[in-house]
Each structure stands twice: as C-alpha cells, then as structure tokens.
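Containing compact mmCIF, C-alpha atoms: upload12.txt.
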# COMPACT_ATOMS: atom_id res chain seq x y z
CA MET A 24 226.32 -130.37 97.04
CA SER A 25 225.38 -133.95 97.67
CA PHE A 26 222.06 -134.66 96.04
CA GLU A 27 220.68 -136.22 92.90
CA ILE A 28 217.44 -135.70 90.97
CA VAL A 29 216.46 -138.51 88.63
CA ARG A 30 213.62 -137.76 86.23
CA ASN A 31 211.89 -140.15 83.85
CA ASP A 32 208.42 -140.86 82.49
CA ASN A 33 207.51 -142.90 85.56
CA GLY A 34 208.28 -140.22 88.14
CA THR A 35 210.95 -138.16 89.84
CA GLU A 36 213.24 -139.23 92.66
CA VAL A 37 215.29 -136.89 94.83
CA ALA A 38 218.11 -138.38 96.91
CA PHE A 39 220.36 -136.62 99.40
CA GLU A 40 223.63 -137.99 100.70
CA GLY A 41 222.97 -139.92 103.87
CA GLY A 42 219.95 -141.83 102.66
CA HIS A 43 217.26 -139.16 102.71
CA ARG A 44 215.09 -139.45 99.61
CA PHE A 45 211.59 -138.85 98.32
CA ALA A 46 209.53 -139.37 95.17
CA LEU A 47 207.40 -137.00 93.11
CA PRO A 48 205.31 -137.29 89.93
CA ALA A 49 207.07 -137.12 86.58
CA ILE A 50 208.58 -133.69 85.82
CA SER A 51 209.15 -132.91 82.14
CA ASP A 52 211.82 -130.55 80.83
CA ASP A 53 209.19 -127.84 80.40
CA ASP A 54 207.97 -128.44 83.95
CA PHE A 55 211.51 -128.25 85.26
CA ALA A 56 211.97 -124.80 83.75
CA SER A 57 208.77 -123.46 85.36
CA TYR A 58 208.77 -121.02 88.28
CA PRO A 59 207.28 -123.38 90.93
CA ILE A 60 209.64 -126.24 90.07
CA GLN A 61 212.67 -123.96 89.92
CA ILE A 62 211.81 -122.77 93.44
CA LEU A 63 211.71 -126.42 94.53
CA ASN A 64 214.98 -127.20 92.74
CA ASN A 65 216.74 -124.23 94.34
CA SER A 66 215.40 -125.26 97.74
CA ILE A 67 216.70 -128.80 97.29
CA SER A 68 220.11 -127.45 96.31
CA LEU A 69 220.28 -125.07 99.29
CA ALA A 70 219.11 -127.79 101.67
CA ALA A 71 221.79 -130.18 100.38
CA GLU A 72 224.42 -127.47 100.83
CA ASN A 73 223.33 -126.93 104.41
CA PHE A 74 223.23 -130.68 105.10
CA ASP A 75 226.85 -130.85 103.94
CA LYS A 76 227.82 -127.90 106.14
CA LEU A 77 226.19 -129.46 109.19
CA LYS A 78 227.90 -132.78 108.52
CA SER A 79 231.28 -131.06 108.18
CA ILE A 80 230.74 -129.14 111.43
CA SER A 81 229.68 -132.24 113.34
CA GLN A 82 232.83 -134.08 112.18
CA ASP A 83 235.21 -131.25 113.11
CA GLY A 84 237.41 -132.78 115.80
CA THR A 85 238.65 -129.36 116.94
CA LEU A 86 235.20 -128.37 118.19
CA SER A 87 233.63 -129.24 121.50
CA ALA A 88 230.00 -130.29 121.71
CA LEU A 89 229.13 -126.71 122.63
CA GLY A 90 231.22 -125.39 119.75
CA ILE A 91 229.46 -127.69 117.31
CA ASP A 92 226.06 -126.45 118.53
CA GLN A 93 227.11 -122.80 118.29
CA LYS A 94 228.54 -123.16 114.80
CA SER A 95 225.60 -125.26 113.59
CA GLU A 96 222.84 -122.95 114.80
CA PRO A 97 223.14 -120.25 112.10
CA VAL A 98 223.28 -122.96 109.42
CA LYS A 99 220.10 -124.57 110.75
CA THR A 100 218.45 -121.17 111.01
CA ASP A 101 219.26 -120.34 107.41
CA MET A 102 218.18 -123.80 106.26
CA VAL A 103 214.67 -123.83 107.75
CA SER A 104 214.10 -120.16 106.94
CA ARG A 105 214.92 -120.58 103.28
CA ILE A 106 212.69 -123.63 102.94
CA ALA A 107 209.77 -121.74 104.48
CA ALA A 108 210.55 -118.74 102.27
CA ALA A 109 210.48 -120.99 99.20
CA ALA A 110 207.08 -122.31 100.28
CA GLY A 111 205.94 -118.72 100.76
CA GLN A 112 207.00 -117.84 97.22
CA VAL A 113 205.04 -120.77 95.85
CA ARG A 114 202.01 -119.74 97.92
CA MET A 115 202.20 -116.20 96.51
CA PHE A 116 202.45 -117.62 92.98
CA GLU A 117 199.33 -119.65 93.79
CA GLY A 118 197.60 -116.36 94.53
CA THR A 119 198.53 -115.16 91.05
CA ILE A 120 196.89 -118.26 89.59
CA ALA A 121 193.76 -117.63 91.65
CA ASN A 122 193.57 -114.07 90.30
CA MET A 123 193.90 -115.35 86.74
CA GLU A 124 191.14 -117.86 87.38
CA ALA A 125 188.90 -115.21 88.95
CA ARG A 126 189.30 -113.01 85.86
CA LEU A 127 188.49 -115.92 83.56
CA TYR A 128 185.31 -116.87 85.43
CA ALA A 129 184.18 -113.37 86.42
CA PHE A 130 180.59 -112.41 85.68
CA PRO A 131 180.14 -109.07 83.86
CA THR A 132 179.39 -106.25 86.27
CA ILE A 133 176.72 -103.62 85.78
CA ASP A 134 177.85 -100.03 85.43
CA PRO A 135 176.19 -97.97 88.19
CA GLY A 136 174.65 -95.74 85.55
CA ASN A 137 173.25 -98.61 83.49
CA ALA A 138 169.70 -98.77 84.85
CA VAL A 139 168.47 -100.71 81.81
CA ALA A 140 170.72 -103.71 82.52
CA ALA A 141 169.73 -103.69 86.20
CA ILE A 142 166.05 -103.71 85.28
CA GLU A 143 166.60 -106.54 82.80
CA ASP A 144 168.38 -108.55 85.49
CA ARG A 145 165.50 -108.08 87.91
CA GLU A 146 162.89 -109.02 85.31
CA ILE A 147 164.77 -112.19 84.42
CA ARG A 148 165.04 -113.17 88.08
CA ASP A 149 161.34 -112.44 88.67
CA TRP A 150 160.51 -114.61 85.66
CA TRP A 151 162.73 -117.37 87.04
CA ARG A 152 161.06 -117.26 90.45
CA SER A 153 157.63 -117.59 88.81
CA MET A 154 158.55 -120.91 87.22
CA LYS A 155 157.83 -124.27 88.80
CA ILE A 156 160.79 -126.44 89.80
CA ASP A 157 160.25 -128.93 87.00
CA LYS A 158 160.35 -126.16 84.40
CA GLN A 159 163.45 -124.65 86.02
CA THR A 160 165.09 -128.06 85.88
CA LYS A 161 164.25 -128.46 82.21
CA LEU A 162 165.62 -125.02 81.43
CA LEU A 163 168.84 -125.73 83.34
CA ASP A 164 169.30 -128.84 81.20
CA GLU A 165 169.04 -126.58 78.15
CA VAL A 166 171.55 -124.17 79.71
CA LYS A 167 174.06 -127.01 80.12
CA THR A 168 173.52 -128.10 76.51
CA ASP A 169 173.84 -124.61 75.01
CA PRO A 170 175.35 -122.16 77.55
CA GLY A 171 175.96 -119.51 74.89
CA LYS A 172 172.26 -119.27 74.11
CA HIS A 173 171.40 -118.82 77.80
CA GLU A 174 174.31 -116.64 78.89
CA ARG A 175 172.05 -113.71 79.78
CA LEU A 176 170.02 -115.93 82.12
CA MET A 177 173.13 -117.19 83.90
CA ILE A 178 174.45 -113.67 84.36
CA ALA A 179 171.18 -112.42 85.84
CA LEU A 180 170.87 -115.36 88.22
CA MET A 181 174.46 -115.23 89.48
CA ARG A 182 174.83 -111.49 90.01
CA ALA A 183 171.71 -111.01 92.11
CA PRO A 184 172.38 -108.29 94.75
CA THR A 185 171.00 -110.62 97.44
CA PRO A 186 170.78 -114.43 97.51
CA LEU A 187 168.25 -115.58 94.95
CA ALA A 188 167.16 -118.61 97.00
CA LEU A 189 168.36 -120.93 94.26
CA LEU A 190 168.58 -124.52 95.39
CA ASP A 191 172.17 -125.61 96.03
CA TRP A 192 172.22 -127.90 93.02
CA GLN A 193 170.83 -125.15 90.80
CA THR A 194 173.54 -122.72 91.90
CA LYS A 195 176.15 -125.41 91.25
CA VAL A 196 174.77 -126.17 87.78
CA VAL A 197 174.77 -122.50 86.73
CA ALA A 198 178.24 -121.83 88.16
CA GLU A 199 179.83 -124.94 86.64
CA THR A 200 178.16 -124.36 83.28
CA TRP A 201 179.43 -120.78 83.25
CA LYS A 202 182.96 -121.91 84.08
CA GLY A 203 182.85 -124.57 81.39
CA ALA A 204 181.74 -122.02 78.82
CA LYS A 205 184.48 -119.56 79.79
CA ARG A 206 187.11 -122.32 79.63
CA ALA A 207 185.89 -123.34 76.17
CA ALA A 208 186.03 -119.72 75.03
CA ASP A 209 189.63 -119.28 76.25
CA PRO A 210 191.31 -122.71 76.26
CA VAL A 211 194.83 -121.29 76.42
CA THR A 212 194.20 -119.48 79.70
CA ALA A 213 192.28 -122.47 81.07
CA ASP A 214 195.17 -124.81 80.24
CA THR A 215 197.69 -122.40 81.77
CA ILE A 216 195.70 -122.30 85.02
CA ASP A 217 195.41 -126.09 85.19
CA ASN A 218 199.08 -126.62 84.41
CA ASP A 219 200.25 -124.00 86.90
CA ARG A 220 198.09 -125.56 89.63
CA ARG A 221 199.62 -128.97 88.87
CA LEU A 222 203.13 -127.52 89.08
CA VAL A 223 202.32 -125.76 92.35
CA GLU A 224 201.03 -129.02 93.82
CA THR A 225 204.21 -130.85 92.77
CA SER A 226 206.41 -128.07 94.13
CA ARG A 227 204.59 -127.97 97.47
CA ARG A 228 204.78 -131.76 97.80
CA GLY A 229 208.51 -131.61 97.23
CA LEU A 230 209.01 -128.72 99.62
CA ALA A 231 207.05 -130.57 102.31
CA HIS A 232 209.45 -133.50 101.94
CA VAL A 233 212.46 -131.16 102.09
CA ALA A 234 211.04 -129.46 105.19
CA GLY A 235 210.49 -132.81 106.90
CA ILE A 236 214.05 -133.94 106.16
CA ALA A 237 215.49 -130.58 107.24
CA GLY A 238 213.57 -130.75 110.51
CA ARG A 239 215.05 -134.17 111.26
CA VAL A 240 218.56 -133.13 110.22
CA SER A 241 218.39 -130.02 112.40
CA GLY A 242 217.48 -132.02 115.46
CA TRP A 243 215.24 -129.16 116.53
CA LYS A 244 211.84 -129.66 118.09
CA ALA A 245 208.81 -128.01 116.47
CA GLU A 246 208.89 -125.07 118.90
CA ALA A 247 212.47 -124.20 117.99
CA ILE A 248 211.66 -124.29 114.28
CA LEU A 249 208.57 -122.10 114.74
CA ARG A 250 210.47 -119.54 116.81
CA THR A 251 213.18 -119.42 114.16
CA LEU A 252 210.67 -118.87 111.36
CA ILE A 253 208.89 -116.09 113.25
CA LYS A 254 212.20 -114.27 113.71
CA SER A 255 213.27 -114.80 110.09
CA PRO A 256 214.06 -111.65 108.07
CA TYR A 257 212.88 -113.28 104.84
CA GLU A 258 209.48 -111.76 103.98
CA PRO A 259 208.04 -114.81 102.11
CA VAL A 260 208.40 -116.90 105.28
CA ALA A 261 205.18 -115.26 106.51
CA HIS A 262 203.35 -117.26 103.80
CA GLY A 263 205.28 -120.50 104.30
CA PHE A 264 204.81 -121.61 107.91
CA ASP A 265 202.47 -124.40 106.85
CA ILE A 266 205.20 -126.26 104.97
CA PHE A 267 206.56 -127.23 108.40
CA GLY A 268 203.08 -128.15 109.60
CA PHE A 269 202.21 -124.96 111.49
CA ASP A 270 198.76 -123.45 111.18
CA SER A 271 197.75 -119.81 111.66
CA LYS A 272 196.63 -120.40 115.26
CA GLN A 273 199.97 -121.88 116.27
CA VAL A 274 201.82 -119.00 114.65
CA ALA A 275 199.63 -116.37 116.33
CA LEU A 276 199.98 -117.97 119.77
CA MET A 277 203.75 -118.24 119.43
CA ARG A 278 204.04 -114.63 118.25
CA ASP A 279 202.06 -113.55 121.32
CA ARG A 280 204.20 -115.71 123.61
CA MET A 281 207.42 -114.34 122.17
CA ALA A 282 206.18 -110.77 122.49
CA LYS A 283 205.34 -111.32 126.17
CA GLU A 284 208.78 -112.87 126.76
CA GLN A 285 210.42 -109.83 125.22
CA ARG A 286 208.48 -107.44 127.47
CA ARG A 287 209.62 -109.18 130.67
Output the structure of this file as structure tokens.
Amino acid sequence: MSFEIVRNDNGTEVAFEGGHRFALPAISDDDFASYPIQILNNSISLAAENFDKLKSISQDGTLSALGIDQKSEPVKTDMVSRIAAAAGQVRMFEGTIANMEARLYAFPTIDPGNAVAAIEDREIRDWWRSMKIDKQTKLLDEVKTDPGKHERLMIALMRAPTPLALLDWQTKVVAETWKGAKRAADPVTADTIDNDRRLVETSRRGLAHVAGIAGRVSGWKAEAILRTLIKSPYEPVAHGFDIFGFDSKQVALMRDRMAKEQRR
C-alpha cells in the first residue's frame, strides 16, 4: 500500500504514491489510537490499496480500454463507498458525543406528580417578570458570578412550558452560565466532549481530502459517484454522502430519479 503518514508536533502530512498529499493538524499517539482517527487511518489505507489496484489495472497491457474500464469499475465502487461509509461512522460517533453533551447540560425535569416543584417554578418566573430590566440585568450578573447560588432561578427560567419572553441576550446568559457550571462540576466529561469533537473535526477533514483525491483518481463525474453511493450496501454510507459534497436535497432528488428509471 503506497502511502505515508508523517506526524510531528507541527502537524500531520499524508502522502500517496503519485503525488497526492494533504496536511492535517498535529495528531498525538493518543489521538492516533482514538476511534475517529482510526477510522481515518483505515480509510487512508483502503484508499491507497485501491489506488494501487487501479494503477495496476490501467497498466495491464493485456486489457483493452473497455477491459480496463470493466475491471476498474468494481474497484472504484468499493473505494468511494468505503470512504463514504467511514464518514458515516464518524458522523454517527458525533451523534454519540452530542448525546453525552445533552446529558451533561440537561436541566432537571419535573416529575408529573410533583406539583410543588411546578408551583415553585411558576412563582419564580412570575417574580422574574415583575422585575424591571435593570434589576434583571443586575441579578444576571450575580448569576454569572455565583451560578451555584442561583441554580434554582436558572432552572425555573429555562424549563418554562412556554417561551418566557426572555430577551435573546438574557436567554444566552442563562444558558451559557448553566453550561459553564455543569462543565466545572464534571470536568472529565467536559474534557472528553471537547477532545472527541476535536478528533471528529480532524477525522472529517482528512476524510474530505481522501474523498476529493478518490474522486479525481476514479475519473467519475459527481453524478456517477452519487449513484454509486445510493446503491451501496454499506449502511453507514447513508450518513456519509456529504463527505463527497452532496447535500440531502441532491441525494433525495437522485433517489427519486433512480426510482423512476427503474420503473420504466
């Protein structure tokens, strides 16, 4: 497999045989062992293997031009499908991060049978509405300074059953203060979320480069790549179309077009 990954403190460079290369941020040993970066690494390896196969096929003097095309097509199909599937796996992992973040920042819910808490919430919100803006502003400054002391206020304001008519900046202050407090209370989870998001971003950047190179190596136009991905048997591909630059509208229109073609 003809590729090289060079990692140092200044960044990461990936080079394929034939001159295709791209750069990424620095990837430490711990980063390299992570799930998102391993997906990227495996994708690079598989892409390089397919590049080599396509080169070997194109240089086979026993094949006609038609024979080269016929033998190359399944290799190209596998190549673009696996890259999109890798991107889909990273996207699904990103969903796991989002769920972790949602749990960290979640506001406590009220048990349906807990009428006391619901009444307290309403009284706090009524009290808040009765205050003048300047007093609300002063209190929000206190909330930012000592969120633990004012946690009950934040909870009541943010879990109103209908919009509380907070000003946009007030909503932002309460939400950001709450998140900051939850991150301070659980720094390990907060750091894990931040690190995983960084690794996902690096992985997706790398996969986008691999997809771009694979598209050029395949010689296929965008329509051919999209048709191939739609027909792919790999389930994660459904979450990875965007790595080749396709949005949900393009995918939906092509699915519809292909369905109509099949019915003819």
Using only C-alpha atoms, tabulate the residues of region 201-237 of chain A lying at most 10 Å from any atom of region 110-124 of chain A, each with its closest atom pair and that distance in Å to one decimal, by chain and increasing residue number, as JSON lines.
{"residue": "A:Lys202", "atom": "CA", "partner": "A:Glu124", "partner_atom": "CA", "distance": 9.7}
{"residue": "A:Arg206", "atom": "CA", "partner": "A:Glu124", "partner_atom": "CA", "distance": 9.8}
{"residue": "A:Thr212", "atom": "CA", "partner": "A:Met123", "partner_atom": "CA", "distance": 8.2}
{"residue": "A:Ala213", "atom": "CA", "partner": "A:Glu124", "partner_atom": "CA", "distance": 7.9}
{"residue": "A:Thr215", "atom": "CA", "partner": "A:Ile120", "partner_atom": "CA", "distance": 8.9}
{"residue": "A:Ile216", "atom": "CA", "partner": "A:Ile120", "partner_atom": "CA", "distance": 6.2}
{"residue": "A:Asp217", "atom": "CA", "partner": "A:Ile120", "partner_atom": "CA", "distance": 9.1}
{"residue": "A:Asp219", "atom": "CA", "partner": "A:Ile120", "partner_atom": "CA", "distance": 7.2}
{"residue": "A:Arg220", "atom": "CA", "partner": "A:Glu117", "partner_atom": "CA", "distance": 7.3}
{"residue": "A:Leu222", "atom": "CA", "partner": "A:Val113", "partner_atom": "CA", "distance": 9.7}
{"residue": "A:Val223", "atom": "CA", "partner": "A:Val113", "partner_atom": "CA", "distance": 6.7}
{"residue": "A:Glu224", "atom": "CA", "partner": "A:Val113", "partner_atom": "CA", "distance": 9.4}
{"residue": "A:Ser226", "atom": "CA", "partner": "A:Val113", "partner_atom": "CA", "distance": 7.6}
{"residue": "A:Arg227", "atom": "CA", "partner": "A:Ala110", "partner_atom": "CA", "distance": 6.8}
{"residue": "A:Gly229", "atom": "CA", "partner": "A:Ala110", "partner_atom": "CA", "distance": 9.9}
{"residue": "A:Leu230", "atom": "CA", "partner": "A:Ala110", "partner_atom": "CA", "distance": 6.7}
{"residue": "A:Ala231", "atom": "CA", "partner": "A:Ala110", "partner_atom": "CA", "distance": 8.5}
{"residue": "A:Ala234", "atom": "CA", "partner": "A:Ala110", "partner_atom": "CA", "distance": 9.5}
Restrict the calculation to all atoms listed in the file, then for each residue of region 59-167 of chain A with any atom at most 9 Å from an atom of region 34-51 of chain A give the closest atom pair and their distance in Å to one decimal, rows by chain and rising residue number, as CSV.
residue,atom,partner,partner_atom,distance
A:Ile60,CA,A:Ile50,CA,8.6
A:Ile67,CA,A:Val37,CA,8.6
A:Ala71,CA,A:Phe39,CA,6.7
A:Phe74,CA,A:Glu40,CA,8.5
A:Asp75,CA,A:Glu40,CA,8.5
Just the selected residues (C-alpha atoms), exported as a PDB file, in the coordinates of the input, please.
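Writing the result to again-v5.pdb gives the following:
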ATOM      1  CA  ILE A  60     209.640-126.240  90.070  1.00  0.00           C
ATOM      2  CA  ILE A  67     216.700-128.800  97.290  1.00  0.00           C
ATOM      3  CA  ALA A  71     221.790-130.180 100.380  1.00  0.00           C
ATOM      4  CA  PHE A  74     223.230-130.680 105.100  1.00  0.00           C
ATOM      5  CA  ASP A  75     226.850-130.850 103.940  1.00  0.00           C
TER       6      ASP A  75
END
I'd like to know which of A:Ala70, A:Ala125, A:Leu63, A:Ile253 is closest to Met102 (chain A), using only C-alpha atoms. A:Ala70
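Nearest to Asp164 (chain A) of all the residues A:Met181, A:Gln193, A:Leu252, A:Trp150 is A:Gln193, based on only C-alpha atoms.
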Residue nearest Arg239 (chain A) among A:Lys99, A:Ile142, A:Ala56, A:Lys167 (counting only C-alpha atoms):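 When distances to Arg239 (chain A) are compared using only C-alpha atoms, the smallest one comes from A:Lys99.
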Pick from A:Ser153, A:Thr132, A:Asn33, A:Asn73, whichever lies nearest to Arg182 (chain A) using only C-alpha atoms: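 Ranking A:Ser153, A:Thr132, A:Asn33, A:Asn73 by distance to Arg182 (chain A), first place goes to A:Thr132.
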Expressed in Å to a single decimal, how great is the separation between CA of Ser57 (chain A) and CA of Ala204 (chain A)?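 Between CA of Ser57 (chain A) and CA of Ala204 (chain A) the gap is 27.8 Å.
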Provide an axis-aligned box for all listed atoms of region 102-121 of chain A, padding each side by 6 Å; report its centre and its edge lengths in Å to one decimal, as AutoDock Vina command-line options.
--center_x 206.0 --center_y -119.5 --center_z 98.7 --size_x 36.4 --size_y 20.7 --size_z 30.2
In Å to one decimal, how far is CA of Asp92 (chain A) from CA of Met277 (chain A)?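 Computing it gives 23.8 Å between the two atoms.
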Please complete region 259-284 of chain A with N, CA and C atoms and give it back as an mmCIF file, in the frame of the given file.
data_model
loop_
_atom_site.group_PDB
_atom_site.id
_atom_site.type_symbol
_atom_site.label_atom_id
_atom_site.label_comp_id
_atom_site.auth_asym_id
_atom_site.auth_seq_id
_atom_site.Cartn_x
_atom_site.Cartn_y
_atom_site.Cartn_z
ATOM 1 N N PRO A 259 208.951 -113.730 102.536
ATOM 2 C CA PRO A 259 208.040 -114.810 102.110
ATOM 3 C C PRO A 259 207.772 -115.861 103.177
ATOM 4 N N VAL A 260 208.611 -115.912 104.219
ATOM 5 C CA VAL A 260 208.400 -116.900 105.280
ATOM 6 C C VAL A 260 207.012 -116.748 105.882
ATOM 7 N N ALA A 261 206.496 -115.517 105.931
ATOM 8 C CA ALA A 261 205.180 -115.260 106.510
ATOM 9 C C ALA A 261 204.077 -116.055 105.810
ATOM 10 N N HIS A 262 204.337 -116.484 104.564
ATOM 11 C CA HIS A 262 203.350 -117.260 103.800
ATOM 12 C C HIS A 262 203.735 -118.736 103.729
ATOM 13 N N GLY A 263 204.791 -119.138 104.448
ATOM 14 C CA GLY A 263 205.280 -120.500 104.300
ATOM 15 C C GLY A 263 205.371 -121.334 105.558
ATOM 16 N N PHE A 264 204.759 -120.850 106.655
ATOM 17 C CA PHE A 264 204.810 -121.610 107.910
ATOM 18 C C PHE A 264 204.226 -123.016 107.755
ATOM 19 N N ASP A 265 203.195 -123.121 106.934
ATOM 20 C CA ASP A 265 202.470 -124.400 106.850
ATOM 21 C C ASP A 265 203.303 -125.527 106.265
ATOM 22 N N ILE A 266 204.390 -125.204 105.561
ATOM 23 C CA ILE A 266 205.200 -126.260 104.970
ATOM 24 C C ILE A 266 205.876 -127.094 106.060
ATOM 25 N N PHE A 267 206.029 -126.495 107.253
ATOM 26 C CA PHE A 267 206.560 -127.230 108.400
ATOM 27 C C PHE A 267 205.443 -127.733 109.312
ATOM 28 N N GLY A 268 204.204 -127.611 108.858
ATOM 29 C CA GLY A 268 203.080 -128.150 109.600
ATOM 30 C C GLY A 268 202.434 -127.213 110.589
ATOM 31 N N PHE A 269 202.790 -125.916 110.553
ATOM 32 C CA PHE A 269 202.210 -124.960 111.490
ATOM 33 C C PHE A 269 201.002 -124.271 110.879
ATOM 34 N N ASP A 270 199.938 -124.161 111.664
ATOM 35 C CA ASP A 270 198.760 -123.450 111.180
ATOM 36 C C ASP A 270 198.747 -122.029 111.734
ATOM 37 N N SER A 271 197.792 -121.216 111.285
ATOM 38 C CA SER A 271 197.750 -119.810 111.660
ATOM 39 C C SER A 271 197.574 -119.616 113.164
ATOM 40 N N LYS A 272 196.823 -120.506 113.812
ATOM 41 C CA LYS A 272 196.630 -120.400 115.260
ATOM 42 C C LYS A 272 197.934 -120.612 116.006
ATOM 43 N N GLN A 273 198.692 -121.623 115.619
ATOM 44 C CA GLN A 273 199.970 -121.880 116.270
ATOM 45 C C GLN A 273 200.931 -120.716 116.105
ATOM 46 N N VAL A 274 200.940 -120.136 114.909
ATOM 47 C CA VAL A 274 201.820 -119.000 114.650
ATOM 48 C C VAL A 274 201.413 -117.799 115.504
ATOM 49 N N ALA A 275 200.112 -117.514 115.553
ATOM 50 C CA ALA A 275 199.630 -116.370 116.330
ATOM 51 C C ALA A 275 199.940 -116.534 117.818
ATOM 52 N N LEU A 276 199.719 -117.731 118.352
ATOM 53 C CA LEU A 276 199.980 -117.970 119.770
ATOM 54 C C LEU A 276 201.470 -117.844 120.093
ATOM 55 N N MET A 277 202.311 -118.342 119.193
ATOM 56 C CA MET A 277 203.750 -118.240 119.430
ATOM 57 C C MET A 277 204.223 -116.791 119.312
ATOM 58 N N ARG A 278 203.681 -116.048 118.362
ATOM 59 C CA ARG A 278 204.040 -114.630 118.250
ATOM 60 C C ARG A 278 203.695 -113.903 119.553
ATOM 61 N N ASP A 279 202.497 -114.187 120.070
ATOM 62 C CA ASP A 279 202.060 -113.550 121.320
ATOM 63 C C ASP A 279 202.979 -113.957 122.467
ATOM 64 N N ARG A 280 203.310 -115.214 122.528
ATOM 65 C CA ARG A 280 204.200 -115.710 123.610
ATOM 66 C C ARG A 280 205.561 -115.056 123.545
ATOM 67 N N MET A 281 206.118 -114.949 122.340
ATOM 68 C CA MET A 281 207.420 -114.340 122.170
ATOM 69 C C MET A 281 207.411 -112.861 122.510
ATOM 70 N N ALA A 282 206.312 -112.187 122.167
ATOM 71 C CA ALA A 282 206.180 -110.770 122.490
ATOM 72 C C ALA A 282 206.138 -110.550 124.004
ATOM 73 N N LYS A 283 205.417 -111.422 124.700
ATOM 74 C CA LYS A 283 205.340 -111.320 126.170
ATOM 75 C C LYS A 283 206.699 -111.595 126.790
ATOM 76 N N GLU A 284 207.440 -112.562 126.251
ATOM 77 C CA GLU A 284 208.780 -112.870 126.760
ATOM 78 C C GLU A 284 209.709 -111.676 126.608
#
